[in-house]
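Here is input.cif, consisting of mmCIF, C-alpha atoms:
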```
data_model
loop_
_atom_site.label_atom_id
_atom_site.label_comp_id
_atom_site.auth_asym_id
_atom_site.auth_seq_id
_atom_site.Cartn_x
_atom_site.Cartn_y
_atom_site.Cartn_z
CA MET A 1 -6.07 6.90 12.38
CA ASN A 2 -6.52 4.83 9.27
CA ASN A 3 -3.51 5.28 7.04
CA ASP A 4 -4.68 2.97 4.26
CA ILE A 5 -5.20 4.71 0.97
CA ILE A 6 -7.24 1.82 -0.40
CA ARG A 7 -9.18 -0.69 1.62
CA THR A 8 -11.60 -3.38 0.51
CA SER A 9 -13.34 -6.09 2.42
CA GLY A 10 -15.22 -8.96 0.83
CA LEU A 11 -15.54 -6.95 -2.37
CA ARG A 12 -17.62 -8.77 -4.97
CA LYS A 13 -18.62 -7.85 -8.49
CA HIS A 14 -20.70 -9.84 -10.88
CA PHE A 15 -21.92 -9.15 -14.36
CA GLY A 16 -25.19 -11.11 -14.62
CA LYS A 17 -24.33 -14.64 -13.57
CA ASN A 18 -20.63 -14.15 -14.13
CA GLU A 19 -18.91 -13.36 -10.84
CA VAL A 20 -15.58 -11.68 -11.60
CA LEU A 21 -14.57 -10.56 -8.11
CA ARG A 22 -15.30 -13.11 -5.40
CA GLY A 23 -14.44 -11.37 -2.18
CA VAL A 24 -11.36 -9.15 -2.50
CA ASP A 25 -9.67 -8.14 0.77
CA LEU A 26 -6.99 -5.54 0.41
CA ALA A 27 -5.43 -2.83 2.58
CA ILE A 28 -2.88 -0.65 0.80
CA PRO A 29 -0.88 1.72 2.99
CA ARG A 30 -0.17 5.29 1.89
CA GLY A 31 3.13 5.58 0.03
CA ALA A 32 3.09 1.99 -1.21
CA VAL A 33 3.89 1.06 -4.77
CA VAL A 34 1.75 -1.98 -5.41
CA GLY A 35 2.08 -4.26 -8.39
CA LEU A 36 -1.18 -6.06 -9.08
CA LEU A 37 -0.25 -9.30 -10.74
CA GLY A 38 -2.63 -11.79 -12.25
CA SER A 39 -3.26 -13.84 -15.35
CA ASN A 40 -5.68 -12.70 -18.02
CA GLY A 41 -9.24 -12.62 -16.73
CA ALA A 42 -8.22 -12.69 -13.07
CA GLY A 43 -10.23 -9.52 -12.43
CA LYS A 44 -7.49 -6.86 -12.26
CA SER A 45 -9.17 -4.26 -14.46
CA THR A 46 -12.56 -4.87 -12.85
CA LEU A 47 -11.03 -4.33 -9.41
CA ILE A 48 -9.42 -1.06 -10.49
CA LYS A 49 -12.70 0.13 -12.00
CA CYS A 50 -14.58 -0.74 -8.80
CA LEU A 51 -12.04 1.21 -6.76
CA LEU A 52 -12.56 4.23 -8.99
CA GLY A 53 -16.35 4.05 -8.89
CA LEU A 54 -16.50 3.36 -12.62
CA LEU A 55 -18.27 0.13 -11.74
CA LYS A 56 -20.63 -0.33 -8.84
CA ILE A 57 -19.62 -3.11 -6.49
CA SER A 58 -22.14 -5.90 -5.99
CA ALA A 59 -21.32 -6.72 -2.36
CA GLY A 60 -18.72 -6.02 0.31
CA THR A 61 -17.11 -2.67 1.03
CA ALA A 62 -14.42 -0.48 -0.45
CA THR A 63 -12.91 2.85 0.49
CA LEU A 64 -10.52 5.00 -1.45
CA MET A 65 -8.85 7.80 0.52
CA GLY A 66 -11.50 7.11 3.13
CA GLU A 67 -14.43 7.63 0.76
CA ASP A 68 -16.94 5.32 -0.88
CA PRO A 69 -15.78 4.88 -4.51
CA TRP A 70 -19.34 5.24 -5.79
CA ASN A 71 -19.66 8.69 -4.17
CA LEU A 72 -16.21 10.22 -4.48
CA SER A 73 -16.00 13.94 -3.74
CA ALA A 74 -14.65 16.23 -6.45
CA HIS A 75 -11.66 16.93 -4.25
CA THR A 76 -10.76 13.25 -3.97
CA LYS A 77 -11.28 12.72 -7.69
CA SER A 78 -8.79 15.51 -8.38
CA ARG A 79 -6.21 13.61 -6.33
CA ILE A 80 -6.52 10.41 -8.37
CA GLY A 81 -4.73 9.68 -11.61
CA TYR A 82 -6.21 6.85 -13.65
CA VAL A 83 -4.81 5.46 -16.86
CA PRO A 84 -7.00 2.83 -18.50
CA GLN A 85 -5.65 -0.14 -20.38
CA VAL A 86 -6.90 1.20 -23.68
CA VAL A 87 -6.77 4.94 -24.16
CA HIS A 88 -9.54 6.44 -26.27
CA LEU A 89 -8.93 9.98 -27.46
CA TYR A 90 -10.30 12.31 -30.11
CA PRO A 91 -8.51 11.39 -33.34
CA TRP A 92 -9.02 14.88 -34.76
CA MET A 93 -7.02 16.58 -32.01
CA LYS A 94 -3.33 17.16 -31.81
CA VAL A 95 -1.29 15.84 -28.88
CA ARG A 96 -0.79 19.32 -27.46
CA GLN A 97 -4.48 20.16 -27.82
CA VAL A 98 -5.68 17.09 -25.98
CA ILE A 99 -3.31 17.89 -23.12
CA GLU A 100 -4.64 21.47 -22.95
CA TYR A 101 -8.20 20.17 -23.14
CA THR A 102 -7.72 17.67 -20.32
CA GLY A 103 -5.80 20.19 -18.25
CA ALA A 104 -8.75 22.58 -18.38
CA PHE A 105 -10.70 20.21 -16.13
CA TYR A 106 -8.18 20.49 -13.31
CA ALA A 107 -7.37 23.40 -11.05
CA ASN A 108 -3.82 22.23 -10.42
CA TRP A 109 -2.69 21.04 -13.86
CA ASP A 110 1.11 21.08 -14.20
CA HIS A 111 1.78 22.26 -17.76
CA ALA A 112 5.53 22.44 -17.30
CA TRP A 113 5.70 18.84 -16.14
CA CYS A 114 3.60 17.70 -19.10
CA ARG A 115 6.03 19.40 -21.48
CA GLU A 116 8.87 17.68 -19.67
CA LEU A 117 7.16 14.28 -19.95
CA LEU A 118 6.40 14.82 -23.65
CA ASP A 119 10.06 15.42 -24.14
CA GLN A 120 11.23 12.52 -21.97
CA TRP A 121 8.83 10.12 -23.61
CA ASP A 122 9.62 11.27 -27.10
CA LEU A 123 6.17 12.50 -28.08
CA ASP A 124 5.60 15.25 -30.62
CA GLY A 125 3.08 17.82 -29.36
CA ALA A 126 2.15 18.72 -32.92
CA ALA A 127 1.28 15.15 -33.96
CA TRP A 128 -2.30 14.21 -34.75
CA ILE A 129 -3.88 11.70 -32.36
CA ARG A 130 -5.08 9.57 -35.28
CA ASN A 131 -1.50 9.08 -36.42
CA LEU A 132 -0.18 7.82 -33.07
CA SER A 133 0.87 4.21 -32.62
CA THR A 134 -0.56 2.11 -29.76
CA GLY A 135 2.57 2.69 -27.70
CA GLN A 136 2.50 6.44 -28.32
CA LEU A 137 -1.17 6.54 -27.35
CA GLN A 138 -0.35 4.77 -24.11
CA ARG A 139 2.40 7.30 -23.35
CA LEU A 140 -0.01 10.14 -24.01
CA GLY A 141 -2.63 8.43 -21.83
CA LEU A 142 -0.09 8.33 -19.00
CA ILE A 143 0.66 12.05 -19.35
CA LEU A 144 -3.06 12.83 -19.30
CA GLY A 145 -3.52 10.72 -16.19
CA MET A 146 -0.58 12.27 -14.38
CA GLY A 147 -0.65 15.93 -15.43
CA HIS A 148 -2.56 17.08 -12.36
CA ARG A 149 0.07 15.58 -10.03
CA PRO A 150 -2.29 13.17 -8.27
CA ASP A 151 -1.55 11.61 -4.88
CA LEU A 152 -2.80 8.20 -5.94
CA TYR A 153 -2.05 6.61 -9.30
CA LEU A 154 -4.19 3.76 -10.60
CA LEU A 155 -2.55 2.41 -13.72
CA ASP A 156 -4.07 -0.46 -15.67
CA GLU A 157 -1.32 -2.27 -17.57
CA PRO A 158 0.64 0.96 -18.07
CA ALA A 159 3.57 -0.75 -19.76
CA ALA A 160 1.73 -3.27 -21.92
CA SER A 161 2.24 -1.56 -25.28
CA LEU A 162 5.47 0.26 -24.48
CA ASP A 163 8.79 -0.74 -26.01
CA PRO A 164 11.72 -1.41 -23.64
CA SER A 165 12.96 2.19 -23.71
CA GLY A 166 9.42 3.47 -23.15
CA ARG A 167 9.06 1.15 -20.17
CA ARG A 168 12.32 2.44 -18.75
CA SER A 169 11.19 6.06 -19.09
CA LEU A 170 7.93 5.20 -17.37
CA LEU A 171 9.71 3.39 -14.55
CA ARG A 172 12.02 6.35 -14.05
CA SER A 173 9.09 8.77 -13.84
CA LEU A 174 7.24 6.53 -11.40
CA LEU A 175 10.36 6.19 -9.24
CA GLU A 176 10.70 9.98 -9.11
CA ILE A 177 7.06 10.33 -8.14
CA THR A 178 7.40 7.91 -5.23
CA GLU A 179 10.66 9.33 -3.87
CA ASP A 180 8.82 11.41 -1.27
CA ARG A 181 6.92 8.35 0.01
CA GLU A 182 3.70 10.34 0.00
CA HIS A 183 2.42 9.22 -3.38
CA SER A 184 0.87 5.80 -3.80
CA ILE A 185 0.70 3.73 -6.95
CA LEU A 186 -1.37 0.69 -7.82
CA PHE A 187 -0.53 -0.74 -11.20
CA SER A 188 -1.63 -3.93 -12.81
CA THR A 189 0.81 -5.79 -14.97
CA HIS A 190 1.92 -9.14 -16.18
CA ILE A 191 5.46 -8.00 -16.85
CA THR A 192 7.13 -9.04 -13.62
CA SER A 193 10.56 -7.56 -14.35
CA ASP A 194 9.15 -4.02 -14.29
CA LEU A 195 7.40 -4.71 -11.06
CA GLU A 196 10.52 -5.99 -9.34
CA ARG A 197 12.30 -2.67 -9.74
CA ILE A 198 9.72 -0.35 -8.35
CA ALA A 199 7.13 -2.24 -6.35
CA SER A 200 7.25 -2.18 -2.57
CA HIS A 201 4.29 -4.55 -2.39
CA VAL A 202 2.70 -7.14 -4.63
CA ALA A 203 -0.87 -8.30 -4.82
CA ILE A 204 -1.27 -11.57 -6.65
CA MET A 205 -4.73 -12.10 -8.00
CA GLY A 206 -6.28 -15.28 -9.29
CA ASN A 207 -9.85 -16.09 -10.08
CA GLY A 208 -11.39 -13.02 -8.47
CA VAL A 209 -9.58 -13.12 -5.13
CA ILE A 210 -6.24 -11.87 -3.81
CA ASP A 211 -4.03 -14.92 -3.25
CA TYR A 212 -1.20 -12.94 -1.73
CA PHE A 213 -0.68 -9.40 -0.59
CA GLY A 214 2.47 -8.24 1.12
CA GLU A 215 5.93 -6.79 0.73
CA LEU A 216 7.77 -8.00 -2.34
CA ASP A 217 10.91 -8.70 -0.31
CA GLU A 218 9.03 -10.83 2.16
CA LEU A 219 7.45 -12.82 -0.64
CA LYS A 220 10.86 -13.49 -2.19
CA ASP A 221 12.29 -14.42 1.18
CA SER A 222 9.58 -16.93 1.98
CA VAL A 223 8.64 -18.71 -1.24
CA LYS A 224 11.44 -21.04 -2.33
CA ARG A 225 11.95 -24.09 -4.44
CA ILE A 226 13.84 -26.91 -2.75
CA ARG A 227 15.55 -29.83 -4.41
CA VAL A 228 15.77 -32.99 -2.35
CA HIS A 229 18.16 -35.83 -3.16
CA SER A 230 17.81 -38.89 -0.98
CA PRO A 231 19.96 -42.05 -1.01
CA VAL A 232 16.77 -44.12 -1.30
CA ASP A 233 13.64 -43.72 -3.40
CA LEU A 234 11.15 -41.27 -1.93
CA PRO A 235 7.65 -42.60 -1.25
CA PRO A 236 4.80 -41.31 -3.40
CA ASP A 237 3.29 -39.56 -0.38
CA PHE A 238 6.52 -37.62 0.30
CA SER A 239 5.47 -34.21 1.51
CA VAL A 240 6.88 -30.99 2.90
CA PRO A 241 4.92 -28.67 5.20
CA GLY A 242 3.56 -25.67 3.29
CA ALA A 243 4.24 -27.23 -0.11
CA LEU A 244 2.61 -25.51 -3.07
CA ARG A 245 3.66 -28.13 -5.57
CA THR A 246 5.59 -31.39 -5.23
CA GLU A 247 7.24 -33.26 -8.04
CA ILE A 248 8.75 -36.64 -7.11
CA ASN A 249 11.17 -38.42 -9.35
CA GLY A 250 12.59 -41.61 -7.82
CA ASP A 251 15.16 -40.59 -5.20
CA SER A 252 14.74 -36.87 -5.81
CA ALA A 253 11.99 -34.33 -5.50
CA ILE A 254 11.37 -30.71 -6.39
CA VAL A 255 9.05 -28.90 -4.03
CA ALA A 256 7.82 -25.31 -4.11
CA VAL A 257 7.25 -24.21 -0.53
CA ALA A 258 5.30 -21.17 0.64
CA ALA A 259 7.29 -20.51 3.81
CA VAL A 260 10.75 -22.00 4.00
CA ASN A 261 12.75 -21.91 7.21
CA ASP A 262 15.72 -23.80 8.64
CA GLU A 263 13.43 -26.08 10.62
CA VAL A 264 11.72 -27.33 7.48
CA ILE A 265 15.04 -27.94 5.73
CA ASP A 266 16.65 -29.70 8.72
CA GLY A 267 13.51 -31.79 9.09
CA ILE A 268 13.85 -33.14 5.56
CA ARG A 269 17.62 -33.69 5.91
CA ASP A 270 17.16 -35.72 9.09
CA ARG A 271 14.09 -37.66 8.05
CA TRP A 272 15.39 -38.78 4.62
CA ASP A 273 19.14 -38.47 5.12
CA ALA A 274 18.85 -36.28 2.04
CA SER A 275 20.75 -33.36 0.64
CA VAL A 276 18.53 -30.32 0.30
CA ASP A 277 19.26 -27.38 -1.97
CA VAL A 278 17.24 -24.23 -1.58
CA GLU A 279 16.67 -22.23 -4.72
CA ASP A 280 15.68 -18.56 -4.75
CA LEU A 281 12.76 -17.78 -7.00
CA ASN A 282 12.17 -14.58 -8.86
CA LEU A 283 8.74 -13.04 -9.04
CA GLU A 284 7.83 -14.75 -12.29
CA ASP A 285 8.69 -18.18 -10.84
CA ILE A 286 6.74 -17.40 -7.68
CA PHE A 287 3.75 -16.23 -9.66
CA LEU A 288 3.77 -19.43 -11.71
CA GLU A 289 4.19 -21.64 -8.65
CA LEU A 290 1.31 -19.93 -6.85
CA HIS A 291 -0.75 -20.13 -9.99
CA ASP A 292 -0.03 -23.83 -10.58
CA ALA A 293 -0.80 -24.61 -6.94
CA GLN A 294 -4.46 -23.85 -7.48
CA MET B 1 34.75 10.68 0.61
CA SER B 2 31.77 8.83 -0.74
CA LEU B 3 31.70 5.67 -2.77
CA PRO B 4 30.58 6.07 -6.40
CA PRO B 5 27.13 4.48 -6.81
CA GLN B 6 28.24 3.01 -10.14
CA LEU B 7 30.07 0.29 -8.21
CA PHE B 8 26.73 -1.30 -7.40
CA ARG B 9 24.79 -3.66 -9.63
CA VAL B 10 21.54 -5.42 -8.98
CA ALA B 11 19.84 -8.19 -10.88
CA THR B 12 16.19 -7.24 -10.58
CA SER B 13 14.84 -10.54 -11.81
CA SER B 14 16.96 -12.56 -9.41
CA GLY B 15 15.26 -14.47 -6.64
CA VAL B 16 17.32 -12.59 -4.06
CA PRO B 17 15.47 -9.48 -2.84
CA ILE B 18 17.13 -6.32 -4.13
CA PHE B 19 17.77 -4.92 -0.64
CA ARG B 20 19.67 -8.10 0.18
CA GLN B 21 21.74 -7.80 -3.00
CA ILE B 22 22.73 -4.29 -1.95
CA MET B 23 23.63 -5.48 1.56
CA ASP B 24 25.72 -8.32 0.12
CA GLN B 25 27.57 -5.92 -2.16
CA VAL B 26 28.41 -3.52 0.65
CA ARG B 27 29.78 -6.43 2.67
CA ALA B 28 31.69 -7.72 -0.37
CA LEU B 29 33.18 -4.28 -1.06
CA ILE B 30 34.33 -4.14 2.54
CA ALA B 31 35.67 -7.69 2.49
CA CYS B 32 37.78 -7.12 -0.62
CA GLY B 33 39.08 -3.80 0.67
CA ASP B 34 37.37 -1.48 -1.83
CA LEU B 35 35.45 0.10 1.00
CA ALA B 36 37.35 1.03 4.13
CA ALA B 37 36.19 2.06 7.57
CA GLY B 38 35.28 5.76 7.63
CA GLU B 39 34.17 5.87 4.01
CA MET B 40 30.63 6.93 3.14
CA LEU B 41 28.06 4.93 1.21
CA PRO B 42 26.25 6.73 -1.63
CA SER B 43 23.09 8.51 -0.46
CA THR B 44 19.88 6.49 -0.74
CA ARG B 45 18.56 8.81 -3.43
CA GLU B 46 21.78 8.63 -5.41
CA LEU B 47 21.94 4.85 -5.29
CA ALA B 48 18.22 4.39 -6.01
CA ARG B 49 18.55 6.60 -9.08
CA GLU B 50 21.66 4.81 -10.29
CA LEU B 51 20.13 1.36 -9.88
CA GLU B 52 16.66 2.55 -10.92
CA VAL B 53 15.01 0.91 -7.97
CA ASN B 54 12.61 2.10 -5.32
CA MET B 55 14.29 4.35 -2.75
CA MET B 56 12.63 2.41 0.06
CA THR B 57 14.57 -0.64 -1.08
CA VAL B 58 17.88 1.15 -0.64
CA SER B 59 16.98 2.61 2.74
CA LYS B 60 15.87 -0.82 3.88
CA ALA B 61 19.28 -2.24 2.94
CA TYR B 62 21.05 0.61 4.74
CA SER B 63 18.94 0.26 7.88
CA ARG B 64 19.65 -3.45 8.05
CA LEU B 65 23.37 -2.82 7.59
CA GLU B 66 23.17 -0.28 10.37
CA ALA B 67 21.38 -2.77 12.62
CA ASP B 68 24.07 -5.33 11.81
CA GLY B 69 26.74 -2.84 12.86
CA VAL B 70 28.34 -2.61 9.42
CA VAL B 71 27.63 1.08 8.92
CA GLU B 72 26.59 3.96 11.15
CA ARG B 73 24.25 6.83 10.41
CA VAL B 74 25.99 10.18 10.53
CA ARG B 75 23.50 12.99 10.92
CA GLY B 76 23.28 15.10 7.77
CA LEU B 77 25.97 13.12 6.00
CA GLY B 78 24.68 9.62 5.44
CA MET B 79 25.99 6.17 6.14
CA ARG B 80 29.58 5.61 7.19
CA VAL B 81 31.37 2.29 7.21
CA VAL B 82 32.47 1.30 10.70
CA GLU B 83 35.48 -0.70 11.73
CA ILE B 84 34.28 -4.28 11.70
CA ARG B 85 35.43 -6.50 14.49
CA ASP B 86 33.65 -9.71 15.21
CA THR B 87 33.39 -9.52 18.98
CA ARG B 88 31.73 -12.90 19.40
CA SER B 89 33.52 -15.73 21.15
CA ALA B 90 35.57 -18.26 19.19
CA THR B 91 32.94 -20.91 19.96
CA GLU B 92 30.24 -18.80 18.32
CA ARG B 93 32.37 -18.00 15.31
CA LYS B 94 33.24 -21.69 14.97
CA ARG B 95 29.58 -22.60 15.09
CA ASP B 96 28.92 -20.19 12.22
CA PHE B 97 31.63 -21.86 10.20
CA GLN B 98 30.40 -25.33 11.06
CA GLU B 99 27.01 -24.48 9.60
CA LEU B 100 28.69 -23.55 6.35
CA VAL B 101 30.68 -26.78 6.28
CA ALA B 102 27.81 -29.18 7.08
CA PRO B 103 26.16 -29.26 3.64
CA ALA B 104 29.55 -29.64 1.92
CA LEU B 105 30.39 -32.63 4.11
CA HIS B 106 27.04 -34.18 3.36
CA ARG B 107 27.70 -33.84 -0.35
CA ALA B 108 31.21 -35.26 0.05
CA ARG B 109 29.80 -38.41 1.69
CA GLN B 110 27.31 -38.78 -1.15
CA LEU B 111 30.21 -38.57 -3.56
CA GLY B 112 31.67 -41.55 -1.70
CA LEU B 113 34.72 -39.75 -0.31
CA SER B 114 36.40 -41.14 2.81
CA ASP B 115 37.16 -38.94 5.82
CA ASP B 116 40.83 -38.90 4.84
CA GLN B 117 40.01 -37.86 1.31
CA ILE B 118 37.76 -35.08 2.60
CA LEU B 119 40.51 -33.89 4.96
CA SER B 120 43.07 -33.83 2.18
CA VAL B 121 40.76 -31.73 0.04
CA VAL B 122 40.22 -29.29 2.91
CA LYS B 123 43.97 -29.07 3.62
CA LYS B 124 44.70 -28.36 -0.01
CA ALA B 125 41.97 -25.68 -0.11
CA LEU B 126 43.41 -24.09 3.03
CA LYS B 127 46.87 -24.02 1.48
CA ASP B 128 45.55 -22.49 -1.77
CA SER B 129 43.69 -19.78 0.08
CA SER B 130 46.73 -18.83 2.17
CA HIS B 131 48.75 -18.47 -1.04
CA GLU B 132 46.18 -16.04 -2.33
CA GLN B 133 46.29 -13.90 0.78
#
```
Let me see the file written as structure tokens.
Amino acid sequence: MNNDIIRTSGLRKHFGKNEVLRGVDLAIPRGAVVGLLGSNGAGKSTLIKCLLGLLKISAGTATLMGEDPWNLSAHTKSRIGYVPQVVHLYPWMKVRQVIEYTGAFYANWDHAWCRELLDQWDLDGAAWIRNLSTGQLQRLGLILGMGHRPDLYLLDEPAASLDPSGRRSLLRSLLEITEDREHSILFSTHITSDLERIASHVAIMGNGVIDYFGELDELKDSVKRIRVHSPVDLPPDFSVPGALRTEINGDSAIVAVAAVNDEVIDGIRDRWDASVDVEDLNLEDIFLELHDAQ
Amino acid sequence: MSLPPQLFRVATSSGVPIFRQIMDQVRALIACGDLAAGEMLPSTRELARELEVNMMTVSKAYSRLEADGVVERVRGLGMRVVEIRDTRSATERKRDFQELVAPALHRARQLGLSDDQILSVVKKALKDSSHEQ
């Protein structure tokens, strides 16, 4: 039994000669909260759109809830909640009207929850869409994408235009949603601090491929920065197994290592008679180290 | 009685995984006597809500603590702190300690301290810590 809610293999997408996705392999288990991390232009939004069937993939395979994204059944569509990066809505409607309008497309729309979210996220139901700020529009977009209580949430930069209190409210709602471990979330972001609170997994994307996919805790446990101080000058070819980046400065070196273990550390201590300090890295540091390593 | 979840704090942008921070805090609370054997940890839901972190993170911390023999799962009630006794032999416990001392010794040598000087520092530290007790 395949328990992956999203699965891709060698997924490619090009626009003319411009290849944006160059073979994405991903298997996201049900109940996971995945933060999709990547610099601008890495292909995050394109990947999400391919998964939703909004873009047709050029090569490779993808399944979403076991179905081909390009031919999703109505039932599966009703179980997905998608919030695009930029929310376009009718400026001549009021907030409450656009919620009613969107809700009419769904059999299982949760009106009570929408009212609750409006309240929690400080949105006025009587406000005109055209008068909303970017952040308010994003909040409304989230409500519209969540009102039918989907099983799978695909959120493209959901927190990008939210202020700190808005981000907190969003995080709290997402945490509540995932408490039952049945709902899955994939959200792209470049704000790592949000991700660290709620993500169970991270997918780090660079240049159209997934550089890392796994549990956030495992990533933090394995990628470390070590500082080496030796009594003598280190040679220019000083190296550490699994090094992502090495910076040598006379008798000391700073090395970012993908998989640190005691063996590696003891090896350096013995070989160079050096003192070795291991530094924990937060997600932002790890992201930058992985990014610089390329 | 159950421990108030407000006693816990996590630094989400620290390099230490959040589940490990929770484990460390439970151990610290036990070590400094704030949490005694027989007391209950907050429920996973309660603690996850207080810290605003994923519930899976909290249950991971609790499961690891259970595996380490620090707490036990009581059906329908939650996690209870058990009486901690290190049952390993003195040799094993000494080896643990030696691993902690090794890097400090290395640093001391780099600082140019003699064995006698190192010993005197250790003796003084021992004396200070017994005063605190």
Go through A:Leu72, A:Gly242, A:Ile129, A:Val33 one by one, measure the shortest atom-to-atom distance of each to Arg96 in chain A using only C-alpha atoms, and give the residue with the smallest value.
->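 Once distances to Arg96 in chain A are computed over only C-alpha atoms, the minimum belongs to A:Ile129.
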Run through the PyMOL selection byres ((chain A) within 9 of (chain B)) on the given coordinates and return the selected residues as a CSV table (one decimal) with C-alpha atoms, keeping the file's coordinate frame.
```
chain,number,residue,atom,x,y,z
A,33,VAL,CA,3.9,1.1,-4.8
A,168,ARG,CA,12.3,2.4,-18.8
A,171,LEU,CA,9.7,3.4,-14.6
A,172,ARG,CA,12.0,6.4,-14.0
A,175,LEU,CA,10.4,6.2,-9.2
A,176,GLU,CA,10.7,10.0,-9.1
A,178,THR,CA,7.4,7.9,-5.2
A,179,GLU,CA,10.7,9.3,-3.9
A,181,ARG,CA,6.9,8.4,0.0
A,192,THR,CA,7.1,-9.0,-13.6
A,193,SER,CA,10.6,-7.6,-14.4
A,194,ASP,CA,9.2,-4.0,-14.3
A,196,GLU,CA,10.5,-6.0,-9.3
A,197,ARG,CA,12.3,-2.7,-9.7
A,198,ILE,CA,9.7,-0.4,-8.4
A,199,ALA,CA,7.1,-2.2,-6.4
A,200,SER,CA,7.2,-2.2,-2.6
A,216,LEU,CA,7.8,-8.0,-2.3
A,217,ASP,CA,10.9,-8.7,-0.3
A,218,GLU,CA,9.0,-10.8,2.2
A,219,LEU,CA,7.4,-12.8,-0.6
A,220,LYS,CA,10.9,-13.5,-2.2
A,221,ASP,CA,12.3,-14.4,1.2
A,224,LYS,CA,11.4,-21.0,-2.3
A,231,PRO,CA,20.0,-42.0,-1.0
A,274,ALA,CA,18.8,-36.3,2.0
A,275,SER,CA,20.8,-33.4,0.6
A,276,VAL,CA,18.5,-30.3,0.3
A,279,GLU,CA,16.7,-22.2,-4.7
A,280,ASP,CA,15.7,-18.6,-4.8
A,281,LEU,CA,12.8,-17.8,-7.0
A,282,ASN,CA,12.2,-14.6,-8.9
A,283,LEU,CA,8.7,-13.0,-9.0
A,284,GLU,CA,7.8,-14.8,-12.3
A,285,ASP,CA,8.7,-18.2,-10.8
```
I need the residue set behind the PyMOL selection byres ((chain B and resi 76-84) around 12) for this file; please write it as a ChimeraX atom specification.
-> /B:1-3,26-27,29-31,33-46,58-59,61-75,85-88
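One finds CA of Leu140 in chain A at 11.6 Å from CA of Gln97 in chain A.
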Counting all atoms listed in the file, the residue of A:Ile226, A:Ala32, A:Leu144, A:Val255 that sits nearest Val278 in chain A = A:Ile226
Between CA of Trp272 in chain A and CA of Leu234 in chain A, what is the distance, to one decimal in Å?
-> 8.2 Å
For the file shown, what are the residues hit by the PyMOL selection byres ((chain A and resi 3) around 12), laid out as a PDB file with C-alpha atoms, in the frame of the given file?
```pdb
ATOM      1  CA  MET A   1      -6.070   6.900  12.380  1.00  0.00           C
ATOM      2  CA  ASN A   2      -6.520   4.830   9.270  1.00  0.00           C
ATOM      3  CA  ASP A   4      -4.680   2.970   4.260  1.00  0.00           C
ATOM      4  CA  ILE A   5      -5.200   4.710   0.970  1.00  0.00           C
ATOM      5  CA  ILE A   6      -7.240   1.820  -0.400  1.00  0.00           C
ATOM      6  CA  ARG A   7      -9.180  -0.690   1.620  1.00  0.00           C
ATOM      7  CA  ALA A  27      -5.430  -2.830   2.580  1.00  0.00           C
ATOM      8  CA  ILE A  28      -2.880  -0.650   0.800  1.00  0.00           C
ATOM      9  CA  PRO A  29      -0.880   1.720   2.990  1.00  0.00           C
ATOM     10  CA  ARG A  30      -0.170   5.290   1.890  1.00  0.00           C
ATOM     11  CA  GLY A  31       3.130   5.580   0.030  1.00  0.00           C
ATOM     12  CA  ALA A  32       3.090   1.990  -1.210  1.00  0.00           C
ATOM     13  CA  THR A  63     -12.910   2.850   0.490  1.00  0.00           C
ATOM     14  CA  LEU A  64     -10.520   5.000  -1.450  1.00  0.00           C
ATOM     15  CA  MET A  65      -8.850   7.800   0.520  1.00  0.00           C
ATOM     16  CA  GLY A  66     -11.500   7.110   3.130  1.00  0.00           C
ATOM     17  CA  GLU A 182       3.700  10.340   0.000  1.00  0.00           C
ATOM     18  CA  SER A 184       0.870   5.800  -3.800  1.00  0.00           C
TER      19      SER A 184
END
```
